[in-house]
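**Student:** If you scroll down you'll find the structure; I have some questions about it.
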Amino acid sequence: MTDAAAPPLIEAPDVQATKPGAAKRLLRNPSVLIGGLLILLVAAIGLLAPLLTPIDPAAINPSNRNKLPGFETTERDDDGNKVTRVARMGTDSLGRDIYARVVYGARVSLTVGIAVAVLSVAVGLGVGLVAGYFRALDGVIMRVMDGLMAIPGILVAIALVSLSGASLLTVVVAVTIPEIPRVVRLVRAIVLSIREEPYVEAAISVGTPTPKILWRHVLPNTIAPLIVQATFIAGSAILLEAALSFLGVGIPPETPTWGNIMAEGRTAFQLYPHNILYPAAFLTVTVLAVNMLGDGLRDTLDPRMAKRV
């Protein structure tokens with residue numbers, strides 16, 4: 001009598017295969033299209049800043065202080081020739097061109113947003129996988145995360161920047177730390193659900209190594225939610241960086257950022273509102289675009305929301 005053939009193990013469902021129309025839904029989703037195009041436009045402005053304006057954003061010209069948008073000035077270039085330049089967005093209290101500072105400020109804001117999103121997702125993913133899969137460590141890790149979430153993010157950022165000094169790296173780290181617990185809780189919830197699935201229990205029963213189970217069966221199910229979460233983190237990070245710079249505890253004032261520009265123009269806002277309105281408009285559009293992209297990705301990648309689209 002021959003032994004009966006062992007039943008095949010249940011394989012983890014292919015995340016991409018279960019959503020064959022995801023790409024088409026993304027292209028049909030107006031939030032994804034509008035948000036993505038706006039983000040690409042802001043990114044292009046930041047990357048092409050030297051081509052969009054020849055003016056040094058840090059150049060001080062006291063004779064051109066607080067000029068209104070459209071002000072024309074005549075200067076001499078390096079060869080001694082007279083050049084007429086137009087201050088499209090006016091100048092600030094030190095005579096610096098606001099248009100040049102806003103354009104170069106796009107670089108800093110997008111850098112902070114992308115860096116914080118990548119770092120918080122990377123760290124939160126690793127910690128969340130450990131907390132959700134290894135129950136012995138779950139309690140300790142989550143109590144630490146709860147402690148971090150109990151402190152307002154802006155207070156954590158201000159404390160870290162005050163201790164370490166103002167710099168781009170310090171701001172990125174300070175903004176990243178408050179975002180990590182949110183990612184950890186998201187990943188942990190997904191892992192707690194996935195580890196009870198039949199295909200994971202089957203893999204455990206045949207002695208599959210834990211790293212392989214996490215890599216092959218658990219990790220693919222966290223990708224879509226993490227992509228959506230990363231977009232919202234990026235928008236929140238851009239806002240928090242602007243708030244820190246506006247309060248004077250963020251990136252050094254000489255570096256052009258939208259928060260710094262608004263901080264320098266707040267004292268004369270009633271007389272020269274353009275000092276704040278232009279960087280505020282860019283900040284609003286950028287954060288709105290990131291949130292629109294996140295909403296569109298959530299509607300497409302979340303199976304419960306995708307059914308309504």
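Just remember, in the structure tokens the first chain shown is A, the second B, etc., residues are 1-based per chain, and ligands are 1-based in the order shown.
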Where does DSSP see helix (DSSP H, G or I) in segment 31-212 of chain A, if you list the residues as a count of residues only?
**Tutor:** 125
**Student:** How close does each residue of segment 106-205 of chain A get to segment 264-284 of chain A, giving the shortest atom pair and distance in Å to one decimal for every residue with an atom at most 12 Å away, counting only C-alpha atoms, sorted by chain and residue number, as a Markdown table?
**Tutor:**
| residue | atom | partner | partner_atom | distance |
| --- | --- | --- | --- | --- |
| A:Ala106 | CA | A:Phe282 | CA | 8.2 |
| A:Arg107 | CA | A:Leu283 | CA | 12.0 |
| A:Val108 | CA | A:Leu283 | CA | 11.5 |
| A:Ser109 | CA | A:Leu283 | CA | 8.5 |
| A:Leu110 | CA | A:Leu283 | CA | 10.3 |
| A:Gly113 | CA | A:Leu283 | CA | 11.8 |
**Student:** Taking only C-alpha atoms into account, which of A:Leu119, A:Val206, A:Met149, A:Met89 comes nearest Pro181 of chain A?
**Tutor:**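 Going through A:Leu119, A:Val206, A:Met149, A:Met89 one by one, the smallest distance to Pro181 of chain A is for A:Met149.
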**Student:** So, counting only C-alpha atoms, which residue among A:Val32, A:Ala117, A:Val130, A:Leu94 is closest to Pro211 of chain A?
**Tutor:**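 Under the stated criterion, the closest residue is A:Val130.
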**Student:** Please identify all polymer residues within 12 Å of Val175 of chain A, counting only C-alpha atoms, omitting same-chain residues fewer than 6 positions from it, and present them as a PyMOL selection string.
**Tutor:** chain A and resi 112-120+152-161+168-169+233-244+250
**Student:** Pull N, CA and C atoms from the residues just selected and write them as an mmCIF file, in the first residue's frame.
**Tutor:**
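After the write, again_3.cif holds the following:
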data_model
loop_
_atom_site.group_PDB
_atom_site.id
_atom_site.type_symbol
_atom_site.label_atom_id
_atom_site.label_comp_id
_atom_site.auth_asym_id
_atom_site.auth_seq_id
_atom_site.Cartn_x
_atom_site.Cartn_y
_atom_site.Cartn_z
ATOM 1 N N VAL A 112 12.829 66.916 2.277
ATOM 2 C CA VAL A 112 12.376 66.551 3.620
ATOM 3 C C VAL A 112 11.219 65.564 3.540
ATOM 4 N N GLY A 113 10.233 65.840 2.680
ATOM 5 C CA GLY A 113 9.078 64.961 2.571
ATOM 6 C C GLY A 113 9.441 63.553 2.142
ATOM 7 N N ILE A 114 10.268 63.435 1.118
ATOM 8 C CA ILE A 114 10.654 62.106 0.616
ATOM 9 C C ILE A 114 11.536 61.386 1.624
ATOM 10 N N ALA A 115 12.506 62.095 2.192
ATOM 11 C CA ALA A 115 13.426 61.452 3.145
ATOM 12 C C ALA A 115 12.684 60.951 4.376
ATOM 13 N N VAL A 116 11.778 61.762 4.919
ATOM 14 C CA VAL A 116 11.026 61.350 6.104
ATOM 15 C C VAL A 116 10.132 60.157 5.782
ATOM 16 N N ALA A 117 9.479 60.178 4.626
ATOM 17 C CA ALA A 117 8.608 59.063 4.249
ATOM 18 C C ALA A 117 9.402 57.771 4.115
ATOM 19 N N VAL A 118 10.551 57.824 3.445
ATOM 20 C CA VAL A 118 11.359 56.619 3.239
ATOM 21 C C VAL A 118 11.908 56.096 4.564
ATOM 22 N N LEU A 119 12.468 56.983 5.382
ATOM 23 C CA LEU A 119 13.064 56.546 6.649
ATOM 24 C C LEU A 119 12.017 55.995 7.610
ATOM 25 N N SER A 120 10.904 56.687 7.756
ATOM 26 C CA SER A 120 9.877 56.231 8.696
ATOM 27 C C SER A 120 9.267 54.915 8.257
ATOM 28 N N PRO A 152 3.291 65.159 21.406
ATOM 29 C CA PRO A 152 3.050 65.814 20.112
ATOM 30 C C PRO A 152 4.310 65.847 19.257
ATOM 31 N N GLY A 153 4.143 65.530 17.984
ATOM 32 C CA GLY A 153 5.290 65.441 17.085
ATOM 33 C C GLY A 153 6.101 66.714 17.006
ATOM 34 N N ILE A 154 5.420 67.868 17.021
ATOM 35 C CA ILE A 154 6.149 69.126 16.892
ATOM 36 C C ILE A 154 7.016 69.387 18.117
ATOM 37 N N LEU A 155 6.572 68.912 19.309
ATOM 38 C CA LEU A 155 7.386 69.094 20.511
ATOM 39 C C LEU A 155 8.630 68.205 20.459
ATOM 40 N N VAL A 156 8.476 66.988 19.960
ATOM 41 C CA VAL A 156 9.635 66.098 19.796
ATOM 42 C C VAL A 156 10.633 66.722 18.828
ATOM 43 N N ALA A 157 10.108 67.251 17.723
ATOM 44 C CA ALA A 157 10.988 67.852 16.721
ATOM 45 C C ALA A 157 11.713 69.072 17.271
ATOM 46 N N ILE A 158 10.991 69.934 17.995
ATOM 47 C CA ILE A 158 11.613 71.130 18.565
ATOM 48 C C ILE A 158 12.696 70.749 19.563
ATOM 49 N N ALA A 159 12.421 69.743 20.392
ATOM 50 C CA ALA A 159 13.411 69.324 21.392
ATOM 51 C C ALA A 159 14.670 68.781 20.725
ATOM 52 N N LEU A 160 14.517 67.949 19.710
ATOM 53 C CA LEU A 160 15.685 67.368 19.043
ATOM 54 C C LEU A 160 16.491 68.425 18.296
ATOM 55 N N VAL A 161 15.785 69.329 17.617
ATOM 56 C CA VAL A 161 16.500 70.394 16.889
ATOM 57 C C VAL A 161 17.221 71.303 17.869
ATOM 58 N N LEU A 168 19.584 70.440 7.957
ATOM 59 C CA LEU A 168 18.636 69.634 7.194
ATOM 60 C C LEU A 168 18.557 68.220 7.745
ATOM 61 N N LEU A 169 19.700 67.623 8.080
ATOM 62 C CA LEU A 169 19.711 66.264 8.607
ATOM 63 C C LEU A 169 18.979 66.186 9.944
ATOM 64 N N ILE A 233 2.542 60.610 5.047
ATOM 65 C CA ILE A 233 3.689 61.003 5.867
ATOM 66 C C ILE A 233 4.470 62.116 5.189
ATOM 67 N N ALA A 234 4.655 62.013 3.870
ATOM 68 C CA ALA A 234 5.396 63.042 3.130
ATOM 69 C C ALA A 234 4.702 64.394 3.253
ATOM 70 N N GLY A 235 3.380 64.418 3.086
ATOM 71 C CA GLY A 235 2.644 65.679 3.224
ATOM 72 C C GLY A 235 2.753 66.253 4.624
ATOM 73 N N SER A 236 2.618 65.392 5.631
ATOM 74 C CA SER A 236 2.736 65.847 7.020
ATOM 75 C C SER A 236 4.141 66.363 7.301
ATOM 76 N N ALA A 237 5.162 65.708 6.748
ATOM 77 C CA ALA A 237 6.546 66.130 6.982
ATOM 78 C C ALA A 237 6.833 67.492 6.355
ATOM 79 N N ILE A 238 6.291 67.733 5.171
ATOM 80 C CA ILE A 238 6.490 69.030 4.517
ATOM 81 C C ILE A 238 5.874 70.147 5.353
ATOM 82 N N LEU A 239 4.682 69.897 5.880
ATOM 83 C CA LEU A 239 4.026 70.889 6.733
ATOM 84 C C LEU A 239 4.792 71.116 8.033
ATOM 85 N N LEU A 240 5.257 70.021 8.635
ATOM 86 C CA LEU A 240 5.963 70.150 9.917
ATOM 87 C C LEU A 240 7.293 70.865 9.738
ATOM 88 N N GLU A 241 7.986 70.594 8.639
ATOM 89 C CA GLU A 241 9.243 71.307 8.370
ATOM 90 C C GLU A 241 8.993 72.798 8.206
ATOM 91 N N ALA A 242 7.918 73.153 7.491
ATOM 92 C CA ALA A 242 7.583 74.564 7.318
ATOM 93 C C ALA A 242 7.235 75.207 8.653
ATOM 94 N N ALA A 243 6.521 74.469 9.505
ATOM 95 C CA ALA A 243 6.171 75.010 10.824
ATOM 96 C C ALA A 243 7.414 75.229 11.675
ATOM 97 N N LEU A 244 8.346 74.277 11.651
ATOM 98 C CA LEU A 244 9.578 74.429 12.428
ATOM 99 C C LEU A 244 10.393 75.621 11.925
ATOM 100 N N GLY A 250 13.940 75.388 12.820
ATOM 101 C CA GLY A 250 14.123 74.396 11.770
ATOM 102 C C GLY A 250 15.437 74.591 11.040
#
**Student:** Do you know which residues are at most 7 Å from segment 63-75 of chain A counting only C-alpha atoms, after dropping those on the same chain fewer than 3 positions away, and could you put them as a ChimeraX atom specification?
**Tutor:** /A:82-95,272
**Student:** Could you turn the residues from that selection into a file that holds N, CA and C atoms, as a compact mmCIF listing (two decimals), in the first residue's frame?
**Tutor:**
# COMPACT_ATOMS: atom_id res chain seq x y z
N LYS A 82 25.05 95.72 -18.63
CA LYS A 82 23.84 95.99 -17.89
C LYS A 82 22.77 94.96 -18.23
N VAL A 83 22.14 94.44 -17.18
CA VAL A 83 21.09 93.43 -17.34
C VAL A 83 19.86 93.88 -16.54
N THR A 84 18.71 93.89 -17.20
CA THR A 84 17.46 94.25 -16.52
C THR A 84 16.76 92.97 -16.06
N ARG A 85 16.50 92.92 -14.79
CA ARG A 85 15.84 91.74 -14.23
C ARG A 85 14.55 92.16 -13.55
N VAL A 86 13.57 91.27 -13.62
CA VAL A 86 12.25 91.52 -13.05
C VAL A 86 12.05 90.65 -11.82
N ALA A 87 11.69 91.27 -10.71
CA ALA A 87 11.38 90.50 -9.50
C ALA A 87 9.92 90.06 -9.59
N ARG A 88 9.71 88.85 -10.13
CA ARG A 88 8.34 88.39 -10.43
C ARG A 88 7.47 88.35 -9.18
N MET A 89 8.07 87.98 -8.05
CA MET A 89 7.31 87.89 -6.80
C MET A 89 7.75 88.93 -5.78
N GLY A 90 8.48 89.94 -6.24
CA GLY A 90 8.95 90.98 -5.34
C GLY A 90 10.20 90.57 -4.57
N THR A 91 10.55 91.37 -3.58
CA THR A 91 11.73 91.10 -2.76
C THR A 91 11.35 91.18 -1.29
N ASP A 92 12.21 90.62 -0.44
CA ASP A 92 11.92 90.62 1.00
C ASP A 92 12.62 91.80 1.68
N SER A 93 12.65 91.78 2.99
CA SER A 93 13.19 92.90 3.75
C SER A 93 14.70 93.06 3.60
N LEU A 94 15.38 92.07 3.07
CA LEU A 94 16.82 92.16 2.82
C LEU A 94 17.14 92.34 1.33
N GLY A 95 16.11 92.50 0.52
CA GLY A 95 16.33 92.70 -0.90
C GLY A 95 16.54 91.41 -1.68
N TYR A 272 3.37 94.24 3.08
CA TYR A 272 3.95 93.48 1.97
C TYR A 272 3.48 92.02 2.07
**Student:** Could you list, as a PyMOL selection string, every residue within 9 Å of segment 36-45 of chain A, counting only C-alpha atoms and ignoring same-chain residues fewer than 3 positions away?
**Tutor:** chain A and resi 31-33+48-49+52+103-104+106-107+110+282+285-286+289-290+292-293
**Student:** Quick check for you: according to DSSP on this backbone, which residues of segment 72-137 of chain A are classed as strand (DSSP E)? Reply as a ChimeraX atom specification.
**Tutor:** /A:72-76,82-87
**Student:** Keeping N, CA and C atoms for every residue in the selection just given, could you write it to a file as a PDB file, in the first residue's frame?
**Tutor:**
ATOM      1  N   GLU A  72      11.344  96.086 -11.551  1.00  0.00           N
ATOM      2  CA  GLU A  72      12.475  95.903 -12.455  1.00  0.00           C
ATOM      3  C   GLU A  72      13.718  96.563 -11.874  1.00  0.00           C
ATOM      4  N   THR A  73      14.826  95.867 -11.992  1.00  0.00           N
ATOM      5  CA  THR A  73      16.092  96.407 -11.515  1.00  0.00           C
ATOM      6  C   THR A  73      17.158  96.192 -12.572  1.00  0.00           C
ATOM      7  N   THR A  74      18.082  97.124 -12.665  1.00  0.00           N
ATOM      8  CA  THR A  74      19.172  97.037 -13.634  1.00  0.00           C
ATOM      9  C   THR A  74      20.464  96.756 -12.887  1.00  0.00           C
ATOM     10  N   GLU A  75      21.125  95.675 -13.274  1.00  0.00           N
ATOM     11  CA  GLU A  75      22.374  95.276 -12.640  1.00  0.00           C
ATOM     12  C   GLU A  75      23.412  94.998 -13.709  1.00  0.00           C
ATOM     13  N   ARG A  76      24.627  94.859 -13.251  1.00  0.00           N
ATOM     14  CA  ARG A  76      25.722  94.503 -14.165  1.00  0.00           C
ATOM     15  C   ARG A  76      26.119  93.058 -13.918  1.00  0.00           C
ATOM     16  N   LYS A  82      25.055  95.720 -18.633  1.00  0.00           N
ATOM     17  CA  LYS A  82      23.843  95.992 -17.889  1.00  0.00           C
ATOM     18  C   LYS A  82      22.769  94.961 -18.228  1.00  0.00           C
ATOM     19  N   VAL A  83      22.137  94.441 -17.177  1.00  0.00           N
ATOM     20  CA  VAL A  83      21.086  93.434 -17.337  1.00  0.00           C
ATOM     21  C   VAL A  83      19.865  93.883 -16.541  1.00  0.00           C
ATOM     22  N   THR A  84      18.707  93.888 -17.196  1.00  0.00           N
ATOM     23  CA  THR A  84      17.461  94.246 -16.524  1.00  0.00           C
ATOM     24  C   THR A  84      16.761  92.972 -16.061  1.00  0.00           C
ATOM     25  N   ARG A  85      16.497  92.916 -14.789  1.00  0.00           N
ATOM     26  CA  ARG A  85      15.842  91.742 -14.229  1.00  0.00           C
ATOM     27  C   ARG A  85      14.546  92.159 -13.554  1.00  0.00           C
ATOM     28  N   VAL A  86      13.568  91.268 -13.616  1.00  0.00           N
ATOM     29  CA  VAL A  86      12.246  91.524 -13.048  1.00  0.00           C
ATOM     30  C   VAL A  86      12.055  90.646 -11.819  1.00  0.00           C
ATOM     31  N   ALA A  87      11.691  91.266 -10.710  1.00  0.00           N
ATOM     32  CA  ALA A  87      11.380  90.504  -9.497  1.00  0.00           C
ATOM     33  C   ALA A  87       9.923  90.056  -9.590  1.00  0.00           C
TER      34      ALA A  87
END
**Student:** What is the distance between atom CA of Tyr133 of chain A and atom CA of Arg195 of chain A, in Å to one decimal?
**Tutor:** 7.1 Å
**Student:** Considering only C-alpha atoms, state which residue in the set A:Ala224, A:Ile204, A:Leu129, A:Val140 is at the smallest distance from Val184 of chain A.
**Tutor:**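 Among A:Ala224, A:Ile204, A:Leu129, A:Val140, it is A:Leu129 that comes nearest to Val184 of chain A.
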**Student:** Could you tell me how far atom CA of Val144 of chain A lies from atom CA of Lys212 of chain A, in Å and to one decimal?
**Tutor:**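 Atom CA of Lys212 of chain A lies 27.1 Å from atom CA of Val144 of chain A.
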